[in-house]
Every structure is written in structure tokens, then in C-alpha cells.
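Here is the file protein.txt (compact mmCIF, C-alpha atoms).
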# COMPACT_ATOMS: atom_id res chain seq x y z
CA MET F 1 151.50 148.06 68.49
CA SER F 2 151.83 146.63 71.99
CA LYS F 3 148.81 147.02 74.23
CA LEU F 4 151.06 148.76 76.74
CA ALA F 5 149.34 151.98 75.68
CA VAL F 6 151.73 154.67 76.86
CA LYS F 7 151.90 157.82 74.78
CA GLU F 8 155.05 157.75 72.70
CA THR F 9 157.41 160.66 73.11
CA LYS F 10 160.10 161.74 70.71
CA LYS F 11 163.78 161.72 71.64
CA VAL F 12 163.73 161.57 75.44
CA ILE F 13 166.79 162.04 77.65
CA PRO F 14 165.56 161.62 81.22
CA TRP F 15 167.52 162.10 84.46
CA LYS F 16 170.40 163.93 82.75
CA ALA F 17 170.96 166.31 85.68
CA LYS F 18 170.95 163.41 88.17
CA ILE F 19 173.44 161.46 86.05
CA GLU F 20 175.79 164.41 85.75
CA ARG F 21 175.71 164.95 89.53
CA ALA F 22 176.52 161.26 89.99
CA LEU F 23 179.44 161.59 87.58
CA ASP F 24 180.75 164.56 89.53
CA VAL F 25 180.84 162.36 92.63
CA HIS F 26 182.58 159.54 90.75
CA GLN F 27 185.13 162.03 89.40
CA VAL F 28 186.56 162.48 92.89
CA VAL F 29 187.36 158.82 93.55
CA GLY F 30 187.25 157.05 90.19
CA PRO F 31 190.27 156.24 88.01
CA THR F 32 190.83 158.58 85.08
CA TRP F 33 190.16 155.95 82.40
CA LEU F 34 186.79 155.05 83.92
CA ASN F 35 185.71 158.66 84.33
CA ALA F 36 186.46 159.24 80.64
CA LEU F 37 184.48 156.11 79.76
CA ARG F 38 181.50 157.28 81.81
CA ARG F 39 181.50 160.68 80.14
CA ALA F 40 181.71 159.13 76.66
CA ALA F 41 178.80 156.82 77.47
CA LEU F 42 176.71 159.74 78.73
CA GLU F 43 177.36 161.58 75.47
CA HIS F 44 176.12 158.56 73.52
CA PHE F 45 173.06 158.22 75.76
CA CYS F 46 172.18 161.87 75.21
CA ALA F 47 172.70 161.52 71.46
CA LEU F 48 170.57 158.38 71.25
CA GLY F 49 167.82 159.17 73.74
CA LEU F 50 165.51 156.40 74.86
CA PRO F 51 164.32 154.13 72.04
CA THR F 52 160.80 154.56 70.68
CA ILE F 53 158.49 152.22 68.80
CA ARG F 54 159.84 153.78 65.61
CA HIS F 55 163.05 151.79 66.20
CA GLU F 56 162.73 148.34 64.65
CA ASP F 57 164.22 146.56 67.67
CA TRP F 58 161.69 148.31 69.94
CA LYS F 59 158.68 148.19 67.62
CA TYR F 60 156.48 146.30 70.09
CA THR F 61 157.94 147.61 73.36
CA ASN F 62 157.14 151.16 74.38
CA VAL F 63 159.46 152.42 77.13
CA ALA F 64 158.02 155.93 77.32
CA GLY F 65 156.53 155.06 80.71
CA ILE F 66 160.04 154.71 82.16
CA ALA F 67 160.93 158.28 81.18
CA GLU F 68 157.79 159.68 82.81
CA ILE F 69 158.82 158.64 86.33
CA ASP F 70 161.23 160.70 88.44
CA PHE F 71 163.44 157.84 89.60
CA GLN F 72 165.95 158.45 92.39
CA PHE F 73 169.19 156.65 93.13
CA GLY F 74 168.05 154.31 95.89
CA ASP F 75 169.63 153.67 99.26
CA GLU F 76 169.26 150.36 101.00
CA PRO F 77 165.88 150.20 102.80
CA SER F 78 165.78 149.33 106.48
CA GLY F 79 165.06 145.76 107.53
CA THR F 80 166.70 144.13 104.50
CA LEU F 81 168.62 141.61 106.59
CA SER F 82 165.49 140.21 108.22
CA LYS F 83 163.56 140.18 104.92
CA LEU F 84 166.10 138.24 102.86
CA PRO F 85 165.19 134.63 103.82
CA GLN F 86 161.53 135.25 102.98
CA LEU F 87 162.26 136.60 99.51
CA PRO F 88 162.52 134.47 96.35
CA LEU F 89 165.91 132.76 96.17
CA GLY F 90 166.86 134.38 99.48
CA GLU F 91 168.15 131.13 101.01
CA LEU F 92 169.94 129.74 97.97
CA GLY F 93 173.69 129.52 97.71
CA THR F 94 176.60 129.45 100.14
CA ASN F 95 178.56 131.51 97.60
CA ARG F 96 176.69 134.71 96.95
CA LEU F 97 177.15 138.40 96.35
CA VAL F 98 174.11 140.42 97.43
CA PHE F 99 173.26 143.84 96.02
CA ILE F 100 170.45 146.06 97.29
CA ASN F 101 169.34 148.78 94.88
CA GLY F 102 172.56 148.28 92.97
CA ARG F 103 174.91 148.48 95.98
CA TYR F 104 176.98 145.66 97.43
CA ASN F 105 175.95 144.41 100.88
CA ARG F 106 178.86 142.67 102.62
CA GLU F 107 176.79 141.52 105.60
CA LEU F 108 174.37 139.53 103.43
CA SER F 109 177.07 138.14 101.13
CA SER F 110 178.98 134.91 101.66
CA LEU F 111 181.91 133.30 99.84
CA SER F 112 182.62 130.38 102.14
CA SER F 113 183.55 127.77 99.55
CA VAL F 114 185.10 129.80 96.74
CA PRO F 115 188.65 128.54 95.96
CA ALA F 116 191.40 130.96 96.88
CA ALA F 117 192.53 131.22 93.25
CA VAL F 118 189.12 132.53 92.16
CA LYS F 119 188.38 136.23 92.49
CA VAL F 120 184.78 137.02 93.44
CA THR F 121 184.18 140.57 94.59
CA SER F 122 182.09 143.65 94.03
CA LEU F 123 182.90 145.65 90.94
CA ALA F 124 183.20 148.75 93.13
CA ASP F 125 186.03 147.12 95.10
CA ALA F 126 187.75 146.05 91.88
CA ILE F 127 187.48 149.61 90.55
CA ARG F 128 188.88 151.09 93.78
CA SER F 129 191.89 148.82 93.47
CA ASP F 130 192.14 149.71 89.76
CA ASP F 131 192.18 146.03 88.79
CA PRO F 132 193.82 145.80 85.34
CA LYS F 133 191.41 143.07 84.21
CA VAL F 134 188.46 145.39 84.77
CA ARG F 135 190.14 148.10 82.74
CA GLU F 136 190.95 145.62 79.96
CA HIS F 137 187.53 143.97 79.67
CA VAL F 138 184.73 146.27 80.82
CA THR F 139 182.66 147.49 77.81
CA ARG F 140 184.73 145.23 75.54
CA TYR F 141 181.75 142.91 74.96
CA ALA F 142 178.70 145.06 75.72
CA ARG F 143 179.18 147.96 73.33
CA PHE F 144 177.18 151.09 74.11
CA GLU F 145 177.56 153.20 70.99
CA ASP F 146 174.14 152.29 69.56
CA ARG F 147 172.39 150.84 72.63
CA PRO F 148 170.85 153.54 74.84
CA PHE F 149 170.20 151.45 77.95
CA VAL F 150 173.72 149.97 77.84
CA ALA F 151 175.06 153.51 77.40
CA LEU F 152 173.05 154.64 80.44
CA ASN F 153 174.39 151.74 82.49
CA THR F 154 177.95 152.48 81.38
CA ALA F 155 177.62 156.16 82.26
CA LEU F 156 176.65 155.08 85.77
CA ILE F 157 179.08 152.19 86.30
CA GLY F 158 179.51 151.99 90.03
CA ASP F 159 178.85 148.54 91.41
CA GLY F 160 177.97 144.99 90.51
CA ALA F 161 179.88 141.72 90.46
CA PHE F 162 183.40 140.97 89.27
CA ILE F 163 184.33 137.31 88.87
CA GLU F 164 187.67 136.09 87.53
CA ILE F 165 188.24 132.34 87.25
CA PRO F 166 191.80 131.33 86.27
CA ASP F 167 192.67 128.57 83.83
CA GLY F 168 191.87 124.98 84.74
CA VAL F 169 189.60 125.65 87.74
CA VAL F 170 186.38 123.67 88.21
CA LEU F 171 183.93 125.22 90.65
CA ASP F 172 181.92 122.64 92.56
CA GLU F 173 179.38 125.15 93.88
CA PRO F 174 177.44 127.80 91.93
CA ILE F 175 178.11 131.49 92.47
CA HIS F 176 174.90 133.43 93.11
CA LEU F 177 174.54 137.10 92.22
CA TRP F 178 171.43 138.35 94.04
CA PHE F 179 170.05 141.78 93.09
CA GLY F 180 167.20 143.10 95.25
CA SER F 181 165.43 146.33 94.30
CA GLY F 182 162.74 148.62 95.67
CA GLY F 183 161.65 148.89 99.27
CA ASN F 184 161.80 152.69 99.32
CA ALA F 185 158.96 155.21 99.56
CA GLU F 186 159.93 156.85 96.26
CA PRO F 187 160.61 155.14 92.90
CA VAL F 188 164.30 154.19 92.65
CA MET F 189 166.60 153.10 89.86
CA SER F 190 169.75 151.00 89.83
CA HIS F 191 172.25 150.13 87.11
CA PRO F 192 174.23 147.06 88.20
CA ARG F 193 177.19 146.05 86.04
CA SER F 194 178.78 142.61 86.18
CA LEU F 195 181.94 141.31 84.54
CA ILE F 196 182.65 137.57 84.45
CA LEU F 197 185.96 136.20 83.07
CA VAL F 198 186.33 132.43 82.77
CA GLY F 199 189.77 130.99 82.02
CA SER F 200 190.53 128.20 79.59
CA ARG F 201 189.45 124.65 80.58
CA SER F 202 187.55 126.04 83.58
CA GLN F 203 183.98 125.24 84.55
CA ALA F 204 181.54 127.43 86.45
CA THR F 205 177.85 127.85 87.23
CA ILE F 206 176.62 131.42 87.68
CA VAL F 207 173.15 132.39 88.90
CA GLU F 208 171.86 135.95 88.47
CA ALA F 209 168.63 136.67 90.34
CA TYR F 210 166.65 139.92 90.20
CA VAL F 211 164.06 140.18 92.96
CA GLY F 212 161.66 142.84 94.22
CA LEU F 213 161.93 143.70 97.93
CA ASN F 214 158.25 144.64 97.87
CA ASN F 215 155.62 145.56 95.29
CA SER F 216 157.02 149.05 94.73
CA VAL F 217 157.78 150.94 91.52
CA TYR F 218 161.45 150.90 90.50
CA PHE F 219 163.71 150.64 87.46
CA SER F 220 166.48 148.06 87.18
CA ASN F 221 168.88 148.44 84.23
CA ALA F 222 171.47 145.64 84.34
CA VAL F 223 174.40 144.78 82.07
CA THR F 224 176.46 141.58 82.34
CA GLU F 225 179.54 140.79 80.26
CA VAL F 226 180.88 137.24 80.08
CA ALA F 227 184.16 136.23 78.41
CA ILE F 228 184.62 132.46 78.07
CA SER F 229 188.09 131.25 77.13
CA ASP F 230 189.00 128.17 75.08
CA ALA F 231 187.50 124.84 76.22
CA ALA F 232 185.74 126.44 79.20
CA VAL F 233 182.18 125.55 80.24
CA VAL F 234 179.71 128.04 81.73
CA ASP F 235 176.21 127.24 82.94
CA HIS F 236 174.40 130.56 83.40
CA TYR F 237 171.01 131.15 85.01
CA LYS F 238 169.15 134.44 84.92
CA LEU F 239 165.97 134.63 87.00
CA GLN F 240 163.82 137.74 86.83
CA MET F 241 161.29 137.90 89.69
CA GLU F 242 160.84 141.63 89.99
CA SER F 243 157.90 143.50 91.46
CA GLU F 244 154.83 143.47 89.22
CA ARG F 245 155.12 147.28 89.11
CA ALA F 246 158.80 147.30 88.19
CA PHE F 247 160.62 148.12 84.96
CA HIS F 248 163.43 145.68 84.18
CA VAL F 249 165.86 146.14 81.27
CA ALA F 250 168.89 143.86 81.00
CA ALA F 251 171.67 143.02 78.56
CA LEU F 252 173.79 139.87 78.68
CA ASP F 253 176.72 139.86 76.24
CA VAL F 254 178.79 136.69 75.88
CA VAL F 255 181.91 135.97 73.82
CA GLN F 256 183.09 132.37 73.53
CA GLY F 257 186.50 130.98 72.69
CA ARG F 258 187.50 127.85 70.82
CA SER F 259 185.69 124.61 71.86
CA SER F 260 183.91 126.40 74.70
CA SER F 261 180.35 125.73 75.89
CA PHE F 262 177.76 128.22 77.13
CA PHE F 263 174.39 127.18 78.51
CA SER F 264 171.86 129.92 79.26
CA HIS F 265 168.63 129.51 81.24
CA ASN F 266 166.59 132.72 81.12
CA ILE F 267 163.48 132.70 83.35
CA SER F 268 161.15 135.74 83.51
CA PHE F 269 158.14 135.91 85.83
CA GLY F 270 157.84 139.43 87.29
CA GLY F 271 157.90 143.03 86.12
CA GLU F 272 155.37 145.36 84.56
CA LEU F 273 157.68 145.90 81.59
CA VAL F 274 160.63 143.59 80.94
CA ARG F 275 163.24 143.66 78.19
CA ASN F 276 165.99 141.02 77.98
CA ASP F 277 168.76 141.34 75.37
CA LEU F 278 171.09 138.34 75.05
CA ASP F 279 173.94 138.39 72.52
CA ALA F 280 176.31 135.43 72.22
CA VAL F 281 179.26 135.41 69.83
CA LEU F 282 180.90 132.09 68.92
CA SER F 283 184.30 133.55 68.13
CA GLY F 284 186.31 130.31 68.26
CA GLU F 285 186.04 127.15 66.20
CA GLY F 286 184.09 124.24 67.69
CA GLY F 287 182.07 126.27 70.21
CA GLU F 288 178.67 125.27 71.54
CA CYS F 289 175.88 127.62 72.64
CA THR F 290 172.49 126.68 74.13
CA LEU F 291 169.84 129.26 74.99
CA ASP F 292 166.79 128.14 76.98
CA GLY F 293 164.09 130.59 78.00
CA LEU F 294 160.77 130.57 79.83
CA TYR F 295 158.61 133.66 80.26
CA ALA F 296 155.24 133.83 82.00
CA ALA F 297 153.05 136.92 82.10
CA LYS F 298 149.58 137.79 83.35
CA GLY F 299 147.41 140.86 83.85
CA LYS F 300 148.92 143.65 81.74
CA GLN F 301 152.54 142.57 82.03
CA HIS F 302 154.80 142.96 79.01
CA VAL F 303 157.95 140.89 78.43
CA ASP F 304 160.32 141.24 75.46
CA ASN F 305 163.16 138.82 74.69
CA HIS F 306 165.69 139.75 71.99
CA THR F 307 168.45 137.20 71.36
CA VAL F 308 171.35 137.03 68.90
CA ILE F 309 173.60 134.02 68.33
CA ASP F 310 176.49 135.09 66.12
CA HIS F 311 178.35 132.21 64.47
CA SER F 312 181.58 133.91 63.46
CA SER F 313 183.72 130.74 63.36
CA PRO F 314 183.32 127.34 61.66
CA HIS F 315 182.26 124.02 63.18
CA CYS F 316 180.08 125.59 65.90
CA SER F 317 176.62 124.54 67.02
CA SER F 318 173.76 126.35 68.71
CA ARG F 319 170.37 125.36 70.10
CA GLU F 320 167.70 127.81 71.19
CA LEU F 321 164.30 127.10 72.72
CA TYR F 322 162.17 129.86 74.26
CA LYS F 323 158.69 129.17 75.64
CA GLY F 324 156.06 131.66 76.74
CA ILE F 325 152.89 131.35 78.85
CA LEU F 326 150.58 134.36 78.57
CA ASP F 327 147.35 135.08 80.41
CA GLY F 328 145.03 138.02 80.93
CA GLU F 329 145.87 141.03 78.76
CA SER F 330 149.60 140.38 78.87
CA THR F 331 151.84 140.88 75.85
CA ALA F 332 155.16 139.37 74.86
CA VAL F 333 157.80 139.74 72.18
CA PHE F 334 160.33 137.22 70.97
CA ASN F 335 162.92 138.26 68.41
CA GLY F 336 165.66 135.69 67.95
CA SER F 337 168.40 136.09 65.35
CA VAL F 338 170.94 133.48 64.30
CA ILE F 339 173.75 134.95 62.21
CA VAL F 340 176.09 132.67 60.26
CA ARG F 341 179.14 134.58 58.98
CA LYS F 342 180.73 133.92 55.61
CA ASP F 343 183.60 131.85 57.03
CA ALA F 344 181.47 129.95 59.56
CA GLN F 345 181.14 126.77 57.50
CA LYS F 346 179.79 123.56 59.06
CA THR F 347 177.51 125.56 61.37
CA ASP F 348 174.67 123.60 62.98
CA ALA F 349 171.96 125.88 64.38
CA ARG F 350 168.38 125.27 65.49
CA GLN F 351 165.98 127.80 66.93
CA SER F 352 162.40 127.54 68.18
CA ASN F 353 159.89 129.78 69.96
CA ARG F 354 156.66 128.26 71.33
CA ASN F 355 153.85 130.13 73.05
CA LEU F 356 150.78 129.10 75.02
CA LEU F 357 147.97 131.66 75.27
CA LEU F 358 145.66 131.09 78.22
CA SER F 359 143.26 133.89 77.34
CA GLU F 360 141.78 135.42 74.20
CA THR F 361 143.23 138.83 75.09
CA ALA F 362 146.87 137.79 75.51
CA GLU F 363 149.19 138.67 72.63
CA ILE F 364 152.58 137.52 71.33
CA ASN F 365 154.71 139.04 68.57
CA THR F 366 157.30 136.48 67.53
CA LYS F 367 160.02 136.78 64.91
CA PRO F 368 162.69 134.07 64.68
CA GLU F 369 165.32 134.95 62.08
CA LEU F 370 168.18 133.30 60.20
CA ARG F 371 170.86 135.34 58.42
CA ILE F 372 173.09 132.90 56.60
CA LEU F 373 176.15 134.03 54.66
CA ALA F 374 177.85 130.60 54.45
CA ASP F 375 176.79 127.74 52.17
CA ASP F 376 177.73 124.56 54.09
CA VAL F 377 175.41 124.77 57.09
CA LYS F 378 172.47 123.06 58.79
CA CYS F 379 170.04 125.66 60.14
CA SER F 380 166.38 125.69 61.06
CA HIS F 381 163.96 127.95 62.91
CA GLY F 382 160.28 128.13 63.74
CA ALA F 383 157.59 129.56 65.98
CA THR F 384 154.22 128.32 67.26
CA ILE F 385 151.32 130.02 69.02
CA GLY F 386 148.46 128.03 70.47
CA GLN F 387 146.01 127.44 73.29
CA ILE F 388 145.49 124.48 75.59
CA ASP F 389 144.67 121.41 73.51
CA ARG F 390 140.95 120.80 73.94
CA GLU F 391 141.26 117.12 73.08
CA ALA F 392 143.94 116.64 75.73
CA LEU F 393 141.82 118.59 78.21
CA PHE F 394 138.77 116.42 77.40
CA TYR F 395 140.85 113.26 77.73
CA LEU F 396 142.07 114.18 81.22
CA CYS F 397 138.59 115.23 82.32
CA SER F 398 137.16 111.96 81.01
CA ARG F 399 139.57 110.14 83.34
CA GLY F 400 138.08 111.81 86.41
CA ILE F 401 140.46 114.80 86.63
CA GLY F 402 138.75 118.13 87.30
CA GLN F 403 138.91 120.75 84.56
CA ASP F 404 140.94 123.20 86.66
CA GLU F 405 143.46 120.52 87.62
CA ALA F 406 143.64 119.33 84.02
CA ARG F 407 144.43 122.86 82.80
CA THR F 408 147.12 123.08 85.46
CA LEU F 409 148.68 119.81 84.37
CA LEU F 410 148.71 120.76 80.69
CA THR F 411 150.18 124.20 81.38
CA TYR F 412 152.87 122.74 83.62
CA ALA F 413 153.67 120.09 81.00
CA PHE F 414 154.22 122.85 78.45
CA ALA F 415 156.75 124.58 80.74
CA ASN F 416 158.41 121.40 81.97
CA GLU F 417 160.66 120.99 78.94
CA ILE F 418 162.52 124.08 80.11
CA LEU F 419 162.21 123.44 83.84
CA GLU F 420 163.76 119.98 83.65
CA ARG F 421 166.95 121.45 82.18
CA ILE F 422 167.66 123.42 85.37
CA ARG F 423 170.50 121.45 86.92
CA ILE F 424 170.47 123.06 90.39
CA LYS F 425 167.87 121.19 92.43
CA ASP F 426 167.02 123.95 94.94
CA LEU F 427 166.80 126.46 92.14
CA SER F 428 164.53 124.21 90.10
CA THR F 429 162.23 123.77 93.10
CA GLN F 430 162.02 127.53 93.66
CA VAL F 431 161.22 128.21 90.00
CA GLU F 432 158.57 125.50 89.89
CA GLU F 433 156.90 126.82 93.04
CA THR F 434 156.93 130.38 91.70
CA LEU F 435 155.38 129.26 88.43
CA SER F 436 152.74 127.20 90.23
CA HIS F 437 151.73 130.06 92.52
CA SER F 438 151.75 132.65 89.76
CA MET F 439 150.87 131.66 86.23
CA LEU F 440 149.14 128.37 86.91
CA GLU F 441 146.82 129.89 89.49
CA SER F 442 146.16 132.71 87.06
CA ALA F 443 145.22 130.16 84.43
CA LEU F 444 142.64 128.79 86.86
CA GLY F 445 141.23 132.22 87.55
CA GLY F 446 142.60 132.08 91.08
CA LEU F 447 144.33 135.46 91.03

Give the structure from this file in C-alpha cells form.
Amino acid sequence: MSKLAVKETKKVIPWKAKIERALDVHQVVGPTWLNALRRAALEHFCALGLPTIRHEDWKYTNVAGIAEIDFQFGDEPSGTLSKLPQLPLGELGTNRLVFINGRYNRELSSLSSVPAAVKVTSLADAIRSDDPKVREHVTRYARFEDRPFVALNTALIGDGAFIEIPDGVVLDEPIHLWFGSGGNAEPVMSHPRSLILVGSRSQATIVEAYVGLNNSVYFSNAVTEVAISDAAVVDHYKLQMESERAFHVAALDVVQGRSSSFFSHNISFGGELVRNDLDAVLSGEGGECTLDGLYAAKGKQHVDNHTVIDHSSPHCSSRELYKGILDGESTAVFNGSVIVRKDAQKTDARQSNRNLLLSETAEINTKPELRILADDVKCSHGATIGQIDREALFYLCSRGIGQDEARTLLTYAFANEILERIRIKDLSTQVEETLSHSMLESALGGL
């Protein structure tokens, strides 16, 4: 059992009255189809309840602490405009949509170099205009019938990002989706929903950042759906830098077309309890999927990464490498599944999870999995758990490098394999600085 020792409760359905009041408000202005969808999702959420450690997918992650807090729907705190440049990732990106406690902020957003043919807007605006693409695609990829947090998000669909890139468009600049949470006197919750549609032969870089406005308690429950058409290329970054007292649950569901490429970079640093679900389906022949992840935890933080790469078509390849750095009494979970369907012959899949424990009290539960139903495939998986190499540490110290500096170098070298794959220079610098000031100082006993 995870050391996040919160008393487990049985089937819990928190905030039901608040959700129903929110749905009553939506009923006045929302389109009929969306109101029906919200109600159906609420019914599923109530039937499912929050998951407990009795559920296999949540065996090592106890979310009972989320249900015990009376979260409110948060308004935007005062002073956000002046705070933004000082916050992580606050100065990155000329093309950005900014959301504060789940609500779009036009004043802080900027779309100065987005081509006219590309639609980048808030999901709330797309819903108000009853955009047919939203109606066609929302919930098509992130199913909520057996996923309680996705059902909760769907019941409260209100705002987030909507991006539609037509066929044959190559974006020269990344699009940043910046989600700031907290900053209020009382604990708040937000449920941002994003829908990203990428046309055939198009190329785009998308950055999702989740940042705490201060060190307050809040709950962020995000869902992102990405549909990648034939021969399109998407480079996706998700950076989680929430408050150390925050609860962060997120689902990223991706469906790829024929000969498409999806590159994911999933970086998790903040949060008291973090759960990332990433499901990618290679639905067209010749697709390519790469999942890179780096998670760093200290103190009593808990971070859980669940990934699924579903090879449903032949001649596809996937590569997955997740690395974790754990210090203090922190805990982590990695559960990575690679599924090769019966007709997905000539699949080439490799998966690896590597973990570095900086203390004797840190803990990792890792479970890489292969489910292979085809017979002509090349698949491998593995996991490692270790501490800083004493021989390497001795070697550096024998060359006149102090022990603290040597530990820093070795820890950074472990993370660098992931960091060097970040293709956006300013973003890479920000991530490296955050890691240096957080986990590496913790490894030295500096925090």
C-alpha cells in the first residue's frame, strides 16, 4: 500500500450537490446535446464513485483525501496579471491560451503568430457558437463510462482549449496552453477540457503547463483529447508544476491515423498527489508513437503514471522511456501497458522504466506490461530501481569534486536523457532550472 496513509472510504460521491447546481446553470445557455452529455456523465460518476485501492488501476494511489476536502468552484484571484511573469513558464510563448482556475483569461492570452486558417480558441467560445467539430469529437476519444475522473470532468465541461489545424498546415511556433490554479482563500477545483484536432500532413507543437499560483490547496482534474490525422506530426509537452499541496489528476487520450507521428514529453515536479493517465491508440498502419516521461518527487509527494500504447494496426512502432527521481518519503507508481492487437503484425515496441532513489525511505511500484495477441512482432520491456552509483561517486570525488556536487552531477546525468529530448530551448531551460532548484537541492539536503 502507498505510504500516502489516508483512510480508505467505500464508494464516495463528493460534491454532487455542487455539480448539479453547476449543471442547472449550464442548462440555461448550453446546447441540448451537451447538456444531455453532461447529465449522462454525472450519472456514470455517481454510479462509479471515486476509485479506491481495491481497484487494480488504483492499487497504490489512494484518492480518499480528495473527497475529504470541500472544494469550491474557483474564481480568478486578484493580481493574476502582475503575477504571471514570475510564475513557472509565465513568459514562454507568443501563442498562448491562459486559464485561471479553469476559466479562459483573454487579457493574458496571445495568438499573434497563429495562421488565419488555424482555429485556436477557448472551448467555452466554441461551445457557445455550437461548433460542429466540438460536437463531433468531444468524448469520442476520452471515454467516461468506466473512468470516474473523466466522467467528473465531462459532467462539468465548461472551458479549456479548442485547437483545429486543417490539412497541410505546418506551425512554426508552439501553441502554449497555460493552466494556473489556486490563489484563493478556500480550496478550489477546476476541470479543464481540451480538444485538439490535427489535419492530415500537418505539423504542430503543443505545450500544456499546469502551474500553482501559490502554495494553496486545490484540485485540478484535466482531460485532453487529441486526434491526429494521416501523416500528421504532433510534438506534445505536458508540464506539471502544481503547488506541493495540490491534487492533480489528468487524462490525455490520443488517436493516431495512418503514418502519423506522436511525441509525448510528460514532466511532473509538483503536487501532493498526482495521477497521469496517457492512452495512445495507433489506429492507422505505419504510425509512430514515442512517450518520454520524467517525474521527480520529494518529501511525502506521490506521483502515479499510467500509460497505454494500443497497437491496433500493423507496421507501427512505439518507444517509451519513463524516468523517476525520488527523495525523502516520496512514493511513485509506473504502470505502462503495450497492447498488440491480433491484426497488428510487424509491430515494433520497446518500453522501459528507470528509477533513482535518493533516500532509503522513498518507494516506487513499477509494472511494465506487454499484452501481445499477434505473432510477428518485436517487443521488449523492463524496469530498474537503483541508487546513486557509489563507484561513480567515489571516482568523481577522487578527482577533486565535492561529494555534494558529485551527487548533483550524477542525478542530473540520470535525468538528462529525457531533458535533452525537449526541442524547445526556452522550455528546456525552464525545466532544467526547476529540476535543479527542486530535486537536486533536495538530494543535497538543501531543502

Within 6 Å of region 326-343 of chain F, counting only C-alpha atoms, which residues qualify if same-chain residues fewer than 3 places away don't, as a JSON list (two decimals) with C-alpha atoms, keeping the file's coordinate frame?
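This is the output file selection_7.json:
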[["chain", "number", "residue", "atom", "x", "y", "z"],
["F", 296, "ALA", "CA", 155.24, 133.83, 82.00],
["F", 297, "ALA", "CA", 153.05, 136.92, 82.10],
["F", 298, "LYS", "CA", 149.58, 137.79, 83.35],
["F", 299, "GLY", "CA", 147.41, 140.86, 83.85],
["F", 300, "LYS", "CA", 148.92, 143.65, 81.74],
["F", 301, "GLN", "CA", 152.54, 142.57, 82.03],
["F", 302, "HIS", "CA", 154.80, 142.96, 79.01],
["F", 303, "VAL", "CA", 157.95, 140.89, 78.43],
["F", 304, "ASP", "CA", 160.32, 141.24, 75.46],
["F", 305, "ASN", "CA", 163.16, 138.82, 74.69],
["F", 306, "HIS", "CA", 165.69, 139.75, 71.99],
["F", 307, "THR", "CA", 168.45, 137.20, 71.36],
["F", 308, "VAL", "CA", 171.35, 137.03, 68.90],
["F", 309, "ILE", "CA", 173.60, 134.02, 68.33],
["F", 310, "ASP", "CA", 176.49, 135.09, 66.12],
["F", 311, "HIS", "CA", 178.35, 132.21, 64.47],
["F", 312, "SER", "CA", 181.58, 133.91, 63.46],
["F", 357, "LEU", "CA", 147.97, 131.66, 75.27],
["F", 358, "LEU", "CA", 145.66, 131.09, 78.22],
["F", 359, "SER", "CA", 143.26, 133.89, 77.34],
["F", 361, "THR", "CA", 143.23, 138.83, 75.09],
["F", 362, "ALA", "CA", 146.87, 137.79, 75.51],
["F", 363, "GLU", "CA", 149.19, 138.67, 72.63],
["F", 364, "ILE", "CA", 152.58, 137.52, 71.33],
["F", 365, "ASN", "CA", 154.71, 139.04, 68.57],
["F", 366, "THR", "CA", 157.30, 136.48, 67.53],
["F", 367, "LYS", "CA", 160.02, 136.78, 64.91],
["F", 368, "PRO", "CA", 162.69, 134.07, 64.68],
["F", 369, "GLU", "CA", 165.32, 134.95, 62.08],
["F", 370, "LEU", "CA", 168.18, 133.30, 60.20],
["F", 371, "ARG", "CA", 170.86, 135.34, 58.42],
["F", 372, "ILE", "CA", 173.09, 132.90, 56.60],
["F", 373, "LEU", "CA", 176.15, 134.03, 54.66],
["F", 374, "ALA", "CA", 177.85, 130.60, 54.45]]

Could you name the residues that touch Gly382 (chain F) at 8 Å or less, counting all atoms listed in the file, but leaving out those on the same chain fewer than 3 positions away, as a PDB file with C-alpha atoms, in the coordinates of the input?
ATOM      1  CA  GLN F 351     165.980 127.800  66.930  1.00  0.00           C
ATOM      2  CA  SER F 352     162.400 127.540  68.180  1.00  0.00           C
ATOM      3  CA  ASN F 353     159.890 129.780  69.960  1.00  0.00           C
ATOM      4  CA  PRO F 368     162.690 134.070  64.680  1.00  0.00           C
TER       5      PRO F 368
END

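One finds CA of Leu252 (chain F) at 27.8 Å from CA of His437 (chain F).
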
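Remark: for Phe71 (chain F), the closest of the candidate residues F:Gly160, F:Pro14, F:Gly257, F:Gly386 is F:Pro14 (distances computed over all atoms listed in the file).
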
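Between CA of Arg39 (chain F) and CA of Gln27 (chain F) the separation is 10.0 Å.
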
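Among F:His137, F:Phe162, F:Val274, F:Ala40, the residue with the shortest atom-to-atom distance to Leu23 (chain F), counting only C-alpha atoms, is F:Ala40.
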
Selection near Phe73 (chain F), 7 Å with all atoms listed in the file, sequence-local residues under 3 positions removed, as a ChimeraX atom specification: /F:188-190

Counting all atoms listed in the file, the option among F:Ala41, F:Ala17, F:Leu294, F:Leu396 closest to Glu432 (chain F): F:Leu294

Taking all atoms listed in the file into account, produce a table as a Markdown table in which each residue of region 114-189 of chain F with an atom at most 10 Å from an atom of region 219-238 of chain F appears once, together with its shortest atom pair and the distance in Å to one decimal, ordered by chain and rising number.
| residue | atom | partner | partner_atom | distance |
| --- | --- | --- | --- | --- |
| F:His137 | CA | F:Ala227 | CA | 8.5 |
| F:Val138 | CA | F:Glu225 | CA | 7.6 |
| F:Thr139 | CA | F:Glu225 | CA | 7.8 |
| F:Arg140 | CA | F:Glu225 | CA | 8.3 |
| F:Tyr141 | CA | F:Glu225 | CA | 6.1 |
| F:Ala142 | CA | F:Glu225 | CA | 6.3 |
| F:Arg143 | CA | F:Glu225 | CA | 10.0 |
| F:Phe149 | CA | F:Asn221 | CA | 7.1 |
| F:Val150 | CA | F:Val223 | CA | 6.7 |
| F:Ala151 | CA | F:Val223 | CA | 9.9 |
| F:Leu152 | CA | F:Asn221 | CA | 8.4 |
| F:Asn153 | CA | F:Asn221 | CA | 6.7 |
| F:Thr154 | CA | F:Val223 | CA | 8.5 |
| F:Ile157 | CA | F:Val223 | CA | 9.7 |
| F:Gly160 | CA | F:Thr224 | CA | 9.0 |
| F:Ala161 | CA | F:Thr224 | CA | 8.8 |
| F:Phe162 | CA | F:Glu225 | CA | 9.8 |
| F:Ile163 | CA | F:Val226 | CA | 9.4 |
| F:Glu164 | CA | F:Ala227 | CA | 9.8 |
| F:Ile165 | CA | F:Ile228 | CA | 9.9 |
| F:Pro166 | CA | F:Ser229 | CA | 9.9 |
| F:Asp167 | CA | F:Ser229 | CA | 8.5 |
| F:Gly168 | CA | F:Ala232 | CA | 8.4 |
| F:Val169 | CA | F:Ala232 | CA | 9.4 |
| F:Val170 | CA | F:Val233 | CA | 9.2 |
| F:Pro174 | CA | F:Asp235 | CA | 9.1 |
| F:Ile175 | CA | F:His236 | CA | 9.8 |
| F:His176 | CA | F:Tyr237 | CA | 9.3 |
| F:Leu177 | CA | F:Lys238 | CA | 9.5 |
| F:Phe179 | CA | F:Ser220 | CA | 9.3 |
| F:Gly180 | CA | F:Ser220 | CA | 9.5 |
| F:Ser181 | CA | F:Ser220 | CA | 7.4 |
| F:Gly182 | CA | F:Phe219 | CA | 8.5 |
| F:Pro187 | CA | F:Phe219 | CA | 7.7 |
| F:Val188 | CA | F:Phe219 | CA | 6.3 |
| F:Met189 | CA | F:Phe219 | CA | 4.5 |

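Residue nearest His381 (chain F), chosen from F:Val29, F:Ile53, F:Leu321, F:Leu108 and counting all atoms listed in the file: F:Leu321.
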
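Computed from the coordinates, the CA of Phe144 (chain F) to CA of Phe45 (chain F) distance equals 8.4 Å.
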
Answer as a list in words, residues within 6 Å of (169.3, 123.5, 60.1) using all atoms listed in the file: Ala349, Arg350, Lys378, Cys379 and Ser380 of chain F
